[in-house]
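Written below as structure tokens is the structure these notes are about.
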Amino acid sequence: MVRYNLELALRGLRRFPRSTLLAVLTVALGLASSMTTLALLHMLTADPLPGRSQHLYLAWVDTVQAKLADYPSLNGVKVSNYRRIKMADAQALLQAHRAVQQAALAGLDADVSTADGDHVQQGQSLLGTTSGFVPMFGVALRYGRSWSAAEDVARAPVAVIDVDLAQKLFGTANVVGRSIRLDQTAFRVIGVSAPFAPQPHFYGLDRWAFSGSDLENVFVPYTAALDAGLMPGDSDGCDASDKKRGLFDADPARCAWLAYWVQLDTPQQVADYRGYLDHYAEQQPALEGRTRQKAQLHGVSEWLTQQNVIPDNARMNVWLAGSFLLLCMVNVAGLLTAKFLRRSAEIGIRRALGAPRRAIFAQHVLEATVVSALGGVLALPLTLLGLWILRMQDQGFTDLARLDPVMFGGLFALALAVGVLVGVLPAWRASTVEPGLQVKSA
Amino acid sequence: MRHIVKPLFRHRMMPLLVVLQVALACAIACNALFLLQQKLVPIVAPDGVGHPDRLIVAWNIASRGAPWPTSRLAQVVAELRAIPGVTSASMAGSWPMETIAQMNGDVVSDGSRVSGDAAVYIGSHLVDTLGLKLVAGRDFSATEEAVAYKNIGINENGSTIITRALADRLFPDGDALGRVVRIGKDADSARRTVVGVVAHLMRNKFGQDDREDIDYSMLFPGIPSNWPMPVFAVRARSAAEVSGALKTMKATLKRELGADMIQGIDPAYEMYGNLRERALAQSKAAVWLLSGVSLIVLLVTVVGVMGLTSYWVQQRTRQIGIRRALGARRASILHDVLLENLLVVGTGMVLGMVMAYAINLWLMRHYELPRLPWIYLPYGATLMLLLGQLAVLGPALRAAAVPPVVATRSV
């Protein structure tokens with residue numbers, strides 16, 4: 001039966017190739033625009049670290065004294081608020097070691113060169129962090145090892161660099177044991193990692209949220225980075241006694257510049273840690289009598305929602321493209337109705353010969369689905385073209401516009417759904433054709 | 001009229017589909033064109049800067065520790081001005097088309113209490129270096145340029161030069177010269193006297209600007225104090241002297257300030273024209289995208305309406321033949337088909353307007369988007385009606401060409 005219907009459907013489509021082509025093209029345009037925007041949104045909302053991110057939490061205690069909401073000299077330039085903490089608190093929390101794993105981190109900038117200074121990569125992004133980062137965030141090590149808590153304390157000038165940087169500097173991947181210079185200071189490479197670029201860059205939204213080109217390719221103990229003169233760029237505010245320094249030059253001892261991430265595996269651990277943080281904040285003599293919130297724990301997805309990292313543009317484009325798809329569907333429904341009713345006489349004869357309404361309906365829905373499936377096939381290259389155009393837009397996040405297998409499957413699911421939806425109305429109209437009337441006039 | 005309306009109700013499906021299509025297209029096109037216009041504003045609006053190919057801008061200069069003292073900056077500016085081939089040099093807190101640092105403030109005219117949100121550019125000799133065109137009043141005097149600010153200068157009294165658009169906004173009754181504007185809504189805000197008016201100067205904040213307020217800018221004289229990110233700019237006498245001036249400028253800034261800059265943040269040098277291109281690249285890309293979308297939406301609709309109407313006409317070939325046999329002229333058949341289309345598309349359009357407005361309200365609530373100006377609606381409506389008529393012209397002519405003899409045949 002299905003084969004018979006399919007044969008009829010194909011024959012029907014071949015009969016007026018021009019209107020069929022038009023319908024297929026329209027469906028393809030609608031599908032391609034929707035898939036393009038959906039694919040981008042899909043990439044933007046993807047889990048940054050699958051399997052890990054649901055156990056990661058950003059811990060925050062607000063111990064900055066008399067923080068100013070604005071810089072007095074700037075009209076309306078706000079002090080950023082990425083829930084970073086001061087170094088003393090980070091050290092105290094690290095010392096207490098209450099979470100499964102923990103790390104303090106901050107983005108830094110430096111020129112990275114080989115020890116002899118022959119090969120220089122200017123203005124690289126570094127991550128100053130602690131020993132917990134590499135295991136907790138699952139940075140894959142290709143060679144060597146990461147540093148230990150003891151090396152953190154000893155302020156050891158060691159570094160883990162990624163394999164791309166190793167290639168650029170040394171022309172080879174395994175550079176464990178060699179020496180690099182960060183600005184002026186020598187660091188020993190103890191590990192080489194795979195490139196680490198989770199999207200969004202949830203642990204350092206102060207640097208960037210989405211980027212196809214930016215990533216931290218050097219990981220160093222932040223203590224050693226400070227010794228090397230690498231200073232944090234900005235902060236979430238400083239103690240009021242710190243007036244002499246500039247806007248882009250935070251004093252590491254007095255400013256909140258370290259993000260503190262912890263791994264907590266069970267709800268019980270989360271609750272315990274929250275209690276611990278509150279208790280820690282209560283114990284700070286400087287915070288006594290302050291009413292505003294002193295401590296907080298954010299999960300990754302909650303943090304991303306709160307920081308509103310998904311650009312409005314990406315969502316708005318999905319709405320725009322979705323309504324365009326709707327327009328295309330109405331359009332195709334119209335085209336198909338006209339197409340089906342043109343063969344009213346033929347339908348009448350089939351009905352007169354005993355075909356039930358159901359059969360007529362099924363045949364025409366199938367025909368609509370075939371149109372839509374063809375549209376889906378044509379939409380694939382159009383979607384790739386659309387994604388290419390999006391990547392040309394150069395807005396940072398648009399670099400991520402790619403089609404992954406999930407979305408590839410989604411395209412065909414959408415095409416079939418659209419086909420059935422679009423076919424229902426015209427097919428129903430075709431199935432209501434009265435046999436008698438048609439047979440008479442034909 | 002009755003013979004046009006009645007069949008529409010008898011065979012509801014076809015007209016209904018056209019109505020739905022037109023309504024959707026109208027709603028999408030209105031909103032897409034509105035977004036498009038927003039992105040177009042900074043591209044088409046004049047920025048007021050003369051000879052962009054002779055203006056070199058240096059930014060991304062960040063001081064390590066405390067910001068440089070103004071005396072030091074003034075000395076650097078003097079050295080820049082002494083470069084051969086340079087006619088004017090400036091140091092400023094922010095710069096047109098450079099969005100890292102923006103200064104914006106609510107300005108209120110003293111007296112009339114009209115207010116506006118304007119960009120503020122604080123710097124030395126900005127009128128000359130930017131190549132602005134004074135349309136009234138004068139440039140800042142040497143005394144005004146020599147002002148010593150306690151802070152960046154936003155909250156301090158003095159004089160100002162504003163754009164004509166801002167002058168018209170703050171002083172709708174006419175002459176702005178000699179009048180006083182308050183920088184901020186508070187009674188104790190700084191007051192500045194308008195000494196000059198320039199033709200145009202674009203603000204350096206893009207996004208939600210409409211055609212009018214993109215040109216709301218003010219200039220304050222002198223070198224901002226206590227500012228960690230100075231911008232330097234020099235204007236060369238001719239395009240030929242640019243490369244020499246650029247080389248010397250780089251050397252001068254490196255020699256004078258290089259030792260105190262934050263490591264890892266390198267100064268950027270660019271011609272103002274390129275800076276403008278880069279700042280507007282995103283808007284341009286969005287304009288292309290949105291115009292493509294609008295065009296395709298309209299195209300799809302026209303083709304759809306055309307397809308439906310031609311079927312609809314074909315269905316009625318016999319009736320048309322009968323009418324022709326009974327004495328209806330070709331013109332009246334053509335007229336009827338067009339009128340019918342006008343009715344159907346008109347209904348869709350009214351529905352579309354309501355939808356467009358509803359969508360805009362929704363977008364306003366969820367995304368930072370201004371209200372759709374009602375002026376879009378009649379334009380969108382006319383466009384839709386014209387396109388509808390265009391789409392139906394072919395089928396209508398075919399209908400008019402139906403010979404009366406068809407009535408005698410059974411189709």
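As shown in the structure tokens, the chain order sets the letters A, B, ...; within each chain, residues go from 1, and ligands are also counted from 1 in the order they appear.
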
Would you mind listing what lies within 10 Å of Asn60 in chain B as a PyMOL selection string, with only C-alpha atoms counted and same-chain residues fewer than 5 positions away left out? chain B and resi 98+100-101+229-232+261+265-269

Determine, using only C-alpha atoms, which residues of chain B have any atom at most 7 Å from an atom of chain A, and tabulate each with its shortest atom pair and distance in Å to one decimal place, rows ordered by chain and then rising number, as a Markdown table.
| residue | atom | partner | partner_atom | distance |
| --- | --- | --- | --- | --- |
| B:Leu17 | CA | A:Gly334 | CA | 6.1 |
| B:Gln21 | CA | A:Leu327 | CA | 6.0 |
| B:Leu24 | CA | A:Leu327 | CA | 5.9 |
| B:Ala25 | CA | A:Leu327 | CA | 6.6 |
| B:Arg64 | CA | A:Asp249 | CA | 6.4 |
| B:Gly65 | CA | A:Arg245 | CA | 4.9 |
| B:Ala66 | CA | A:Arg245 | CA | 4.8 |
| B:Pro67 | CA | A:Gly246 | CA | 6.0 |
| B:Met103 | CA | A:Asn75 | CA | 6.3 |
| B:Asn104 | CA | A:Asn75 | CA | 6.8 |
| B:Gly105 | CA | A:Asn75 | CA | 6.9 |
| B:Asn151 | CA | A:Ser73 | CA | 6.1 |
| B:Ile152 | CA | A:Ser73 | CA | 5.8 |
| B:Pro228 | CA | A:Gly246 | CA | 5.9 |
| B:Gly264 | CA | A:Ala110 | CA | 5.0 |
| B:Gln282 | CA | A:Gln393 | CA | 6.4 |
| B:Ala285 | CA | A:Gln393 | CA | 5.7 |
| B:Val297 | CA | A:Phe324 | CA | 7.0 |
| B:Gly304 | CA | A:Asn331 | CA | 5.4 |
| B:Gly307 | CA | A:Leu335 | CA | 6.4 |
| B:Leu308 | CA | A:Gly334 | CA | 6.3 |
| B:Tyr311 | CA | A:Ala338 | CA | 5.9 |
| B:Tyr367 | CA | A:Asp312 | CA | 6.6 |

List every residue of range 224-255 of chain B that DSSP, applied to the backbone of this structure, assigns to strand (DSSP E), and report them as a PyMOL selection string. chain B and resi 231-236

Within 10 Å of Ser141 in chain B, counting only C-alpha atoms, which residues show up once you throw out same-chain ones fewer than 5 positions away? Write them as a CSV table (one decimal) with N, CA, C and O atoms, in the first residue's frame, please.
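Generated file (selection_18.csv):
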chain,number,residue,atom,x,y,z
B,125,HIS,N,42.6,70.1,21.6
B,125,HIS,CA,42.5,70.5,20.2
B,125,HIS,C,41.7,69.5,19.3
B,125,HIS,O,42.1,69.2,18.2
B,146,ALA,N,44.0,75.0,28.2
B,146,ALA,CA,45.1,74.9,29.2
B,146,ALA,C,44.5,74.5,30.6
B,146,ALA,O,45.2,74.5,31.6
B,159,SER,N,33.8,75.3,29.5
B,159,SER,CA,33.0,75.5,28.2
B,159,SER,C,32.9,74.2,27.4
B,159,SER,O,33.6,73.2,27.7
B,195,VAL,N,30.2,77.3,23.6
B,195,VAL,CA,31.0,78.4,22.9
B,195,VAL,C,31.0,78.1,21.4
B,195,VAL,O,31.3,79.0,20.6
B,221,PRO,N,37.3,70.8,26.4
B,221,PRO,CA,38.7,71.1,26.1
B,221,PRO,C,39.6,70.5,27.1
B,221,PRO,O,39.2,70.1,28.2

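Take the candidates B:Gly174, B:Pro395, B:Gly196, B:Gly111 and check each one against Trp312 in chain B using only C-alpha atoms; the shortest distance goes to B:Pro395.
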
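Those residues that approach Arg84 in chain A to within 10 Å, counting only C-alpha atoms, are Leu58, Ala59, Trp60, Val61, Asp62, Ser80, Ala90, Ala104, Leu105, Ala106, Gly204, Asp206, Ser235, Asp236, Gly237, Cys255, Ala256, Trp257, Leu258, Ala259, Tyr260 and Trp261 of chain A; same-chain residues fewer than 4 positions away are not listed.
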
Write a file of the selected residues as a short mmCIF file (atom, residue, chain, number, x, y, z; two decimals), in the first residue's frame, keeping N, CA, C and O atoms.
data_model
loop_
_atom_site.label_atom_id
_atom_site.label_comp_id
_atom_site.auth_asym_id
_atom_site.auth_seq_id
_atom_site.Cartn_x
_atom_site.Cartn_y
_atom_site.Cartn_z
N LEU A 58 31.04 27.72 41.40
CA LEU A 58 31.84 28.91 41.65
C LEU A 58 31.53 29.39 43.06
O LEU A 58 30.38 29.68 43.39
N ALA A 59 32.56 29.45 43.90
CA ALA A 59 32.35 29.86 45.29
C ALA A 59 32.78 31.30 45.45
O ALA A 59 33.78 31.73 44.86
N TRP A 60 32.03 32.04 46.25
CA TRP A 60 32.30 33.47 46.36
C TRP A 60 32.07 33.94 47.78
O TRP A 60 31.05 33.61 48.40
N VAL A 61 33.04 34.66 48.31
CA VAL A 61 32.83 35.37 49.58
C VAL A 61 33.22 36.82 49.34
O VAL A 61 34.26 37.10 48.76
N ASP A 62 32.36 37.71 49.74
CA ASP A 62 32.59 39.12 49.46
C ASP A 62 33.27 39.78 50.65
O ASP A 62 32.62 40.17 51.60
N SER A 80 33.26 45.64 37.49
CA SER A 80 32.68 44.39 37.02
C SER A 80 32.37 43.48 38.21
O SER A 80 32.90 43.64 39.30
N ALA A 90 41.14 33.19 48.94
CA ALA A 90 41.41 32.02 48.11
C ALA A 90 42.39 31.10 48.83
O ALA A 90 42.21 29.87 48.86
N ALA A 104 41.82 28.05 42.41
CA ALA A 104 41.63 29.48 42.20
C ALA A 104 42.23 29.79 40.84
O ALA A 104 43.22 29.17 40.45
N LEU A 105 41.64 30.72 40.11
CA LEU A 105 42.19 31.00 38.79
C LEU A 105 41.91 32.42 38.35
O LEU A 105 40.98 33.07 38.82
N ALA A 106 42.77 32.89 37.45
CA ALA A 106 42.59 34.22 36.85
C ALA A 106 43.30 34.25 35.51
O ALA A 106 44.35 33.64 35.34
N GLY A 204 35.96 31.95 33.04
CA GLY A 204 36.62 33.26 32.92
C GLY A 204 35.82 34.18 32.02
O GLY A 204 36.31 34.62 30.98
N ASP A 206 35.10 37.09 32.44
CA ASP A 206 35.66 38.44 32.38
C ASP A 206 36.56 38.60 31.16
O ASP A 206 36.79 39.70 30.69
N SER A 235 39.56 43.67 38.08
CA SER A 235 39.12 42.99 39.28
C SER A 235 37.67 43.35 39.55
O SER A 235 37.10 44.21 38.90
N ASP A 236 37.09 42.66 40.54
CA ASP A 236 35.72 42.96 40.95
C ASP A 236 35.69 44.00 42.06
O ASP A 236 34.79 44.01 42.87
N GLY A 237 36.69 44.82 42.11
CA GLY A 237 36.70 45.85 43.14
C GLY A 237 37.83 45.63 44.12
O GLY A 237 38.30 44.52 44.31
N CYS A 255 42.76 43.40 45.86
CA CYS A 255 41.62 43.37 44.95
C CYS A 255 41.06 41.95 44.82
O CYS A 255 41.77 40.97 45.02
N ALA A 256 39.81 41.87 44.44
CA ALA A 256 39.17 40.57 44.21
C ALA A 256 39.40 40.20 42.76
O ALA A 256 38.73 40.72 41.87
N TRP A 257 40.35 39.33 42.50
CA TRP A 257 40.70 39.02 41.11
C TRP A 257 40.77 37.53 40.81
O TRP A 257 40.98 37.14 39.68
N LEU A 258 40.56 36.67 41.82
CA LEU A 258 40.64 35.22 41.58
C LEU A 258 39.25 34.60 41.61
O LEU A 258 38.48 34.82 42.54
N ALA A 259 38.93 33.83 40.58
CA ALA A 259 37.70 33.05 40.61
C ALA A 259 38.02 31.74 41.33
O ALA A 259 39.08 31.15 41.12
N TYR A 260 37.10 31.31 42.18
CA TYR A 260 37.39 30.11 42.98
C TYR A 260 36.37 29.03 42.64
O TYR A 260 35.18 29.14 42.94
N TRP A 261 36.84 27.98 41.96
CA TRP A 261 35.94 26.90 41.53
C TRP A 261 36.16 25.65 42.37
O TRP A 261 37.29 25.34 42.72
#

Measuring between only C-alpha atoms, which one of B:Gly93, B:Gly137, B:Gly348, B:Pro224 shows the shortest distance to Ile61 in chain B? B:Gly93

If you run DSSP on the backbone, which residues of range 200-285 of chain B are helix (DSSP H, G or I), as JSON, numbers by chain? {"B": [213, 214, 215, 239, 240, 241, 242, 243, 244, 245, 246, 247, 248, 249, 250, 251, 252, 253, 254, 255, 256, 257, 258, 259, 260, 272, 273, 274, 275, 276, 277, 278, 279, 280, 281, 282, 283, 284, 285]}

Show which residues sit within 10 Å of Met407 in chain A, as a list in words. Count only C-alpha atoms, and ignore same-chain residues fewer than 3 positions away. Met35, Thr36, Leu38, Ala39, Leu40, His42, Met43, Arg402, Leu403, Asp404, Gly410, Leu411, Phe412, Ala413 and Leu414 of chain A

Polymer residues at most 10 Å from range 188-190 of chain A, only C-alpha atoms, same-chain spacing of 6 or more positions, as a PyMOL selection string: chain A and resi 115+143-147+156-161+166+174-181+218-220

Quick one: everything within 9 Å of Ala45 in chain B, counting only C-alpha atoms, minus sequence neighbours fewer than 5 positions away in the same chain. Send it as a ChimeraX atom specification. /B:40,202,211,214-215

In Å to one decimal, how far is CA of Val262 in chain A from CA of Ala96 in chain A? 12.2 Å

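CA of Ala118 in chain B lies 27.5 Å from CA of Ala32 in chain B.
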
Which distance in Å separates CA of Leu280 in chain B and CA of Trp59 in chain B, to one decimal? 17.7 Å
